[in-house]
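Chemist: This is work13.txt, which holds compact mmCIF, C-alpha atoms:
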```
# COMPACT_ATOMS: atom_id res chain seq x y z
CA MET B 23 -52.63 -116.36 85.18
CA ASN B 24 -55.37 -118.67 83.88
CA ALA B 25 -53.18 -121.68 84.68
CA LEU B 26 -52.90 -120.54 88.30
CA PHE B 27 -56.63 -119.82 88.60
CA THR B 28 -57.43 -123.23 87.11
CA ALA B 29 -55.06 -124.90 89.56
CA ILE B 30 -56.68 -123.14 92.52
CA TYR B 31 -60.19 -123.98 91.32
CA ASN B 32 -59.22 -127.61 90.76
CA LYS B 33 -57.82 -127.74 94.28
CA LEU B 34 -61.05 -126.30 95.71
CA ILE B 35 -63.35 -128.74 93.89
CA LEU B 36 -61.04 -131.76 93.97
CA ASN B 37 -62.82 -133.44 96.84
CA THR B 38 -66.56 -132.85 97.07
CA ALA B 39 -66.55 -134.41 100.55
CA ASP B 40 -64.08 -131.81 101.77
CA ASP B 41 -65.31 -129.63 104.67
CA LEU B 42 -64.85 -126.39 102.68
CA TYR B 43 -66.70 -127.72 99.62
CA VAL B 44 -69.60 -128.95 101.76
CA ALA B 45 -69.77 -125.73 103.85
CA VAL B 46 -70.10 -123.42 100.82
CA GLY B 47 -72.11 -125.93 98.77
CA GLY B 48 -69.46 -125.95 96.03
CA ARG B 49 -70.04 -122.24 95.32
CA PHE B 50 -66.56 -121.04 94.38
CA TYR B 51 -66.34 -118.04 92.09
CA LEU B 52 -63.51 -116.26 90.33
CA ASN B 53 -63.38 -112.48 90.88
CA HIS B 54 -67.09 -111.85 91.31
CA ALA B 55 -70.12 -113.72 92.60
CA PRO B 56 -73.19 -113.67 90.35
CA GLN B 57 -76.00 -111.39 91.48
CA ASN B 58 -78.31 -114.17 92.66
CA ALA B 59 -75.63 -116.27 94.33
CA THR B 60 -76.79 -118.14 97.40
CA LEU B 61 -74.82 -117.57 100.58
CA PRO B 62 -72.45 -118.79 101.88
CA PHE B 63 -69.93 -118.70 99.05
CA CYS B 64 -66.24 -118.24 98.41
CA ILE B 65 -64.58 -115.95 95.85
CA PHE B 66 -60.95 -115.99 94.84
CA SER B 67 -59.10 -113.39 92.80
CA SER B 68 -55.68 -111.92 92.15
CA ILE B 69 -54.59 -108.66 93.77
CA SER B 70 -51.25 -108.20 92.07
CA SER B 71 -48.63 -110.23 90.27
CA ILE B 72 -44.95 -109.51 89.93
CA HIS B 73 -42.90 -111.15 87.19
CA GLU B 74 -39.19 -111.79 87.73
CA ILE B 75 -36.49 -113.17 85.46
CA ASP B 76 -33.35 -114.15 87.31
CA PHE B 77 -30.49 -115.83 85.39
CA GLY B 78 -32.90 -117.56 83.06
CA GLU B 79 -35.35 -118.57 85.79
CA GLU B 80 -38.79 -117.10 85.29
CA ARG B 81 -40.92 -116.61 88.39
CA GLU B 82 -44.23 -115.04 89.29
CA TYR B 83 -45.14 -113.76 92.72
CA THR B 84 -48.90 -113.45 92.95
CA LEU B 85 -51.04 -112.22 95.82
CA ILE B 86 -54.34 -114.11 95.84
CA GLN B 87 -57.34 -113.07 97.91
CA PHE B 88 -60.10 -115.42 99.05
CA ASP B 89 -63.36 -113.88 100.26
CA ILE B 90 -65.85 -115.80 102.35
CA PHE B 91 -69.35 -114.47 102.95
CA SER B 92 -72.02 -115.98 105.14
CA GLU B 93 -75.44 -114.50 105.95
CA ASN B 94 -76.19 -115.67 109.43
CA ASN B 95 -77.09 -114.27 112.84
CA SER B 96 -74.12 -116.11 114.23
CA ALA B 97 -70.50 -115.55 113.22
CA ASP B 98 -69.84 -119.27 113.67
CA GLU B 99 -70.51 -120.27 110.06
CA ALA B 100 -68.06 -117.74 108.58
CA GLY B 101 -65.48 -118.71 111.23
CA ASP B 102 -65.88 -122.40 110.43
CA ILE B 103 -65.50 -121.77 106.69
CA LEU B 104 -62.37 -119.72 107.38
CA GLY B 105 -60.95 -122.66 109.32
CA TYR B 106 -61.77 -125.09 106.49
CA LEU B 107 -60.15 -122.75 103.96
CA LYS B 108 -56.96 -122.58 106.04
CA THR B 109 -56.91 -126.36 106.42
CA LEU B 110 -57.25 -126.90 102.67
CA MET B 111 -55.09 -124.11 101.28
CA ASP B 112 -52.30 -123.34 103.79
CA ASP B 113 -49.01 -124.44 102.20
CA CYS B 114 -50.93 -126.63 99.78
CA THR B 115 -49.52 -128.22 96.63
CA LEU B 116 -50.95 -127.01 93.35
CA THR B 117 -50.63 -128.42 89.86
CA VAL B 118 -50.09 -125.40 87.62
CA THR B 119 -49.79 -126.31 83.93
CA GLY B 120 -46.48 -125.06 82.51
CA TRP B 121 -45.26 -123.91 85.90
CA ARG B 122 -43.51 -125.51 88.82
CA HIS B 123 -45.45 -124.64 91.91
CA ILE B 124 -43.27 -123.58 94.81
CA THR B 125 -45.15 -121.87 97.63
CA PHE B 126 -48.68 -121.07 98.71
CA SER B 127 -48.45 -119.34 102.08
CA ARG B 128 -51.13 -117.48 103.99
CA GLY B 129 -50.77 -113.77 104.64
CA ASN B 130 -53.22 -111.41 106.31
CA VAL B 131 -56.80 -112.21 107.27
CA TYR B 132 -59.28 -109.32 107.44
CA PRO B 133 -62.84 -109.39 108.78
CA ASN B 134 -65.28 -108.24 106.12
CA ASN B 135 -68.75 -107.86 107.68
CA ASP B 136 -71.90 -105.93 106.88
CA PHE B 137 -74.25 -105.61 109.83
CA SER B 138 -76.70 -103.33 107.99
CA ILE B 139 -78.24 -106.41 106.38
CA VAL B 140 -80.70 -108.62 108.26
CA PRO B 141 -79.54 -111.25 109.00
CA PRO B 142 -76.04 -109.80 109.05
CA VAL B 143 -73.32 -110.81 106.62
CA HIS B 144 -70.17 -112.15 108.23
CA GLY B 145 -67.13 -112.42 106.06
CA TYR B 146 -63.39 -112.77 105.88
CA SER B 147 -60.83 -111.77 103.29
CA VAL B 148 -57.76 -113.99 103.31
CA GLU B 149 -54.51 -113.33 101.45
CA TYR B 150 -52.16 -115.97 100.10
CA ASN B 151 -48.69 -115.35 98.68
CA VAL B 152 -48.06 -117.63 95.73
CA MET B 153 -44.75 -118.18 94.01
CA ILE B 154 -44.54 -120.23 90.82
CA GLU B 155 -41.57 -120.91 88.58
CA LYS B 156 -41.71 -121.59 84.84
CA THR B 157 -41.08 -125.20 83.93
CA LYS B 158 -38.14 -125.59 81.55
CA MET T 23 1.49 -104.62 119.45
CA SER T 24 -1.74 -102.94 120.44
CA VAL T 25 -4.49 -101.79 118.17
CA ASP T 26 -6.79 -98.94 119.12
CA ILE T 27 -10.23 -98.93 117.60
CA LYS T 28 -12.33 -95.82 117.93
CA TRP T 29 -15.99 -96.60 117.78
CA ASN T 30 -18.38 -93.71 117.90
CA ASP T 31 -21.57 -95.69 118.37
CA LYS T 32 -23.76 -92.69 119.14
CA GLU T 33 -22.74 -90.99 115.92
CA LEU T 34 -23.27 -94.22 113.93
CA ILE T 35 -26.74 -94.84 115.40
CA LYS T 36 -27.68 -91.22 114.74
CA ASN T 37 -26.60 -91.50 111.10
CA VAL T 38 -28.36 -94.84 110.55
CA ALA T 39 -31.54 -93.41 112.09
CA LYS T 40 -31.32 -90.40 109.81
CA ILE T 41 -30.88 -92.37 106.58
CA THR T 42 -33.51 -94.92 107.63
CA ASP T 43 -35.95 -92.08 108.08
CA ILE T 44 -35.14 -90.56 104.68
CA ALA T 45 -35.30 -93.93 102.88
CA THR T 46 -38.58 -94.93 104.55
CA LYS T 47 -40.19 -91.59 103.75
CA LYS T 48 -39.05 -91.90 100.15
CA GLY T 49 -40.48 -95.44 99.98
CA ALA T 50 -43.81 -94.30 101.43
CA GLU T 51 -43.98 -91.50 98.86
CA GLN T 52 -43.39 -93.99 96.05
CA VAL T 53 -46.20 -96.20 97.39
CA LEU T 54 -48.46 -93.14 97.65
CA LYS T 55 -47.79 -92.21 94.03
CA SER T 56 -48.59 -95.77 92.86
CA ALA T 57 -51.69 -96.02 95.09
CA LYS T 58 -53.07 -92.79 93.58
CA ARG T 59 -52.51 -94.25 90.13
CA HIS T 60 -54.26 -97.54 91.02
CA VAL T 61 -57.23 -96.19 92.96
CA SER T 62 -60.64 -96.08 91.35
CA LYS T 63 -61.44 -92.53 90.27
CA ASP T 64 -65.23 -92.77 89.88
CA THR T 65 -65.84 -89.76 92.11
CA ARG T 66 -62.20 -88.74 92.64
CA THR T 67 -62.89 -88.48 96.38
CA LEU T 68 -60.77 -91.39 97.58
CA VAL T 69 -57.74 -90.39 95.51
CA GLY T 70 -57.52 -87.19 97.55
CA GLU T 71 -57.79 -89.10 100.82
CA ILE T 72 -54.65 -91.22 100.50
CA LYS T 73 -51.77 -89.69 102.39
CA VAL T 74 -48.30 -90.37 103.75
CA LYS T 75 -48.14 -90.02 107.52
CA ARG T 76 -45.39 -90.14 110.10
CA GLY T 77 -45.76 -92.78 112.80
CA LYS T 78 -45.06 -92.39 116.48
CA PHE T 79 -41.39 -93.32 116.25
CA ASN T 80 -38.80 -90.77 115.24
CA SER T 81 -36.89 -92.65 112.60
CA GLY T 82 -38.13 -94.81 109.78
CA ASP T 83 -41.77 -94.78 110.80
CA TRP T 84 -43.67 -93.60 107.73
CA TYR T 85 -46.79 -95.20 106.34
CA VAL T 86 -49.45 -94.73 103.69
CA GLU T 87 -53.07 -94.56 104.80
CA ALA T 88 -56.40 -93.99 103.11
CA GLN T 89 -59.02 -91.82 104.82
CA GLY T 90 -57.02 -91.34 107.98
CA SER T 91 -57.45 -92.74 111.42
CA ASN T 92 -60.03 -91.69 114.01
CA ASP T 93 -62.39 -90.35 111.35
CA TYR T 94 -65.39 -92.65 111.57
CA THR T 95 -67.46 -90.63 109.11
CA LYS T 96 -65.29 -92.05 106.32
CA TYR T 97 -64.92 -95.78 106.13
CA TYR T 98 -65.24 -96.96 102.57
CA ALA T 99 -61.51 -97.11 101.74
CA ILE T 100 -61.27 -100.66 103.12
CA PHE T 101 -64.38 -101.77 101.19
CA VAL T 102 -62.83 -100.58 97.92
CA GLU T 103 -59.55 -102.31 98.78
CA LEU T 104 -61.04 -105.66 99.86
CA GLY T 105 -64.41 -105.78 98.12
CA HIS T 106 -67.47 -106.47 100.21
CA TYR T 107 -70.95 -107.89 100.38
CA SER T 108 -73.31 -105.05 100.85
CA SER T 109 -76.68 -103.44 100.36
CA LEU T 110 -75.38 -99.89 100.24
CA TRP T 111 -74.96 -99.47 96.49
CA GLY T 112 -78.32 -98.74 94.95
CA THR T 113 -77.40 -99.82 91.45
CA TYR T 114 -77.48 -103.48 92.43
CA SER T 115 -80.93 -104.97 92.74
CA ARG T 116 -81.80 -108.55 92.03
CA LYS T 117 -85.49 -108.22 92.88
CA GLY T 118 -86.20 -105.16 90.78
CA GLY T 119 -86.93 -102.81 93.69
CA ALA T 120 -86.11 -99.13 93.93
CA VAL T 121 -82.60 -98.55 92.72
CA GLY T 122 -80.43 -95.54 93.44
CA LYS T 123 -78.05 -93.98 90.98
CA LYS T 124 -74.48 -95.19 90.79
CA GLY T 125 -72.40 -93.72 93.54
CA GLN T 126 -75.45 -92.86 95.63
CA ALA T 127 -75.65 -94.54 98.99
CA ILE T 128 -79.12 -95.71 99.98
CA LYS T 129 -80.18 -95.40 103.60
CA ALA T 130 -81.06 -98.58 105.41
CA ARG T 131 -84.76 -97.71 105.71
CA SER T 132 -85.14 -97.54 101.93
CA LEU T 133 -83.63 -100.96 101.36
CA LYS T 134 -86.94 -102.75 100.86
CA GLY T 135 -86.78 -104.68 97.63
CA ILE T 136 -83.07 -104.24 97.22
CA SER T 137 -81.02 -107.34 97.73
CA PRO T 138 -77.43 -107.18 98.82
CA VAL T 139 -74.79 -108.27 96.36
CA HIS T 140 -71.11 -108.91 96.20
CA ILE T 141 -69.19 -105.83 95.14
CA PRO T 142 -65.78 -106.82 93.80
CA LYS T 143 -62.61 -105.35 95.21
CA ARG T 144 -60.64 -102.66 93.42
CA PRO T 145 -57.34 -102.88 95.28
CA TYR T 146 -54.99 -99.91 95.23
CA LEU T 147 -52.83 -100.05 98.39
CA ARG T 148 -51.55 -103.61 98.22
CA PRO T 149 -50.64 -103.52 94.50
CA ALA T 150 -48.89 -100.19 95.15
CA LEU T 151 -46.84 -101.74 97.97
CA ASN T 152 -46.02 -104.88 95.99
CA GLU T 153 -44.82 -103.06 92.90
CA ASN T 154 -42.56 -100.81 95.00
CA LYS T 155 -41.00 -103.40 97.32
CA ARG T 156 -37.81 -103.66 95.28
CA LYS T 157 -37.50 -99.89 94.88
CA ILE T 158 -37.87 -99.45 98.64
CA MET T 159 -35.15 -102.01 99.33
CA ARG T 160 -32.93 -100.30 96.77
CA SER T 161 -33.46 -96.88 98.34
CA PHE T 162 -32.32 -98.36 101.68
CA THR T 163 -29.17 -99.90 100.21
CA ASN T 164 -28.41 -96.71 98.27
CA ALA T 165 -28.76 -94.67 101.43
CA LEU T 166 -26.46 -97.04 103.34
CA ASP T 167 -23.96 -96.95 100.48
CA LYS T 168 -23.90 -93.16 100.65
CA MET T 169 -23.18 -93.41 104.35
CA GLY T 170 -20.31 -95.79 103.68
CA VAL T 171 -21.93 -98.97 104.94
CA LYS T 172 -21.33 -101.69 102.37
CA GLU T 173 -23.68 -104.57 101.64
CA ASN T 174 -21.55 -107.25 103.24
CA TRP T 175 -24.16 -108.90 105.37
```
Let me see the structure of the file written as structure tokens.

Modeler:
Amino acid sequence: MNALFTAIYNKLILNTADDLYVAVGGRFYLNHAPQNATLPFCIFSSISSIHEIDFGEEREYTLIQFDIFSENNSADEAGDILGYLKTLMDDCTLTVTGWRHITFSRGNVYPNNDFSIVPPVHGYSVEYNVMIEKTK
Amino acid sequence: MSVDIKWNDKELIKNVAKITDIATKKGAEQVLKSAKRHVSKDTRTLVGEIKVKRGKFNSGDWYVEAQGSNDYTKYYAIFVELGHYSSLWGTYSRKGGAVGKKGQAIKARSLKGISPVHIPKRPYLRPALNENKRKIMRSFTNALDKMGVKENW
């Protein structure tokens, strides 16, 4: 799992001039944002992982969730970051140590807002289905 | 030479609908069981609010839902599933203001001094569905086998 997380993180920070990196100020966190984290930021984490051995081939199907949060009166910022995330990650190629990366496809996107805060927090949760196969 | 084929399509459709319904219900019950095992049991409230429901179609329309539809007094199931960025949990304060006890929601007017934080997800529905996908497919093929439809497609 660490190899996959490292690969995703490396993809996110690979290009500091990338729209997503600039928009969130390089604030990418695994699982949980620190308490004093400045908004906007992006969190990625695993939801579930299924291991499969099929005639000697070893595969892992992992569901990864990205969360974007932006504190802004306008929903534009969160929407823009969502667009940048899709551009960077949809069907991307990852380098996963010890594994042959096969697919990284987007699943559901859920709005994740909190309007009780002033200014309101606009957010999105985005799912990606990842399949990796063990390198022989 | 002529060959007569008798094809009772109404009977076949009726049987397929029946087994689809049974297999889907069985699959939904498996997901329910897993979801109840995965869900956070801090207060044990949410675990009692996950249910299997029948959809609007007669056959094969079963689903698992948390906290039901059209009940807007309960809405935290999705926050637990996805995680969220919120001010509603009193235990999180980064400025040292008044802090509520764990599990106690703080009303908006008492939020002074309490900064919102990211509350990580604790998914229970999606892992439950993922771990049961194969079992659900198997229950369909088993049901079709019982009916005499072989897996030739």

Chemist: Within 12 Å of chain T, which residues belong to chain B? Use only C-alpha atoms and report them as a PyMOL selection string.

Modeler: chain B and resi 51-74+83-93+130-149+151

Chemist: Looking at all atoms listed in the file, which of B:Ser96, B:Thr109, B:Leu36, B:Ala29 is the one that sits closest to Arg122 in chain B?

Modeler: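 Checking each of B:Ser96, B:Thr109, B:Leu36, B:Ala29 against Arg122 in chain B, counting all atoms listed in the file, the winner is B:Ala29.
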
Chemist: If I take CA of Asn95 in chain B and CA of Val102 in chain T, how far is one from the other in Å, to one decimal?

Modeler: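 Separation between CA of Asn95 in chain B and CA of Val102 in chain T: 24.8 Å.
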
Chemist: Can you work out which one of T:Arg66, T:Lys55, T:Lys48, T:Lys78 has the shortest atom-to-atom distance to Arg160 in chain T, counting only C-alpha atoms?

Modeler: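 For Arg160 in chain T, the nearest of the given residues is T:Lys48.
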
Chemist: In Å, how far is it from CA of Ser56 in chain T to CA of Tyr98 in chain T?

Modeler: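 So the two atoms, CA of Ser56 in chain T and CA of Tyr98 in chain T, lie 19.3 Å apart.
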
Chemist: Out of T:Thr163, T:Asn154, T:Ser81, T:Thr67, which residue has the shortest atom-to-atom distance to Lys40 in chain T when counting all atoms listed in the file?

Modeler: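 Ranking T:Thr163, T:Asn154, T:Ser81, T:Thr67 by distance to Lys40 in chain T, first place goes to T:Ser81.
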
Chemist: Grab the CA of Tyr106 in chain B to CA of Leu34 in chain B distance for me, in Å with one decimal place.

Modeler: 10.9 Å
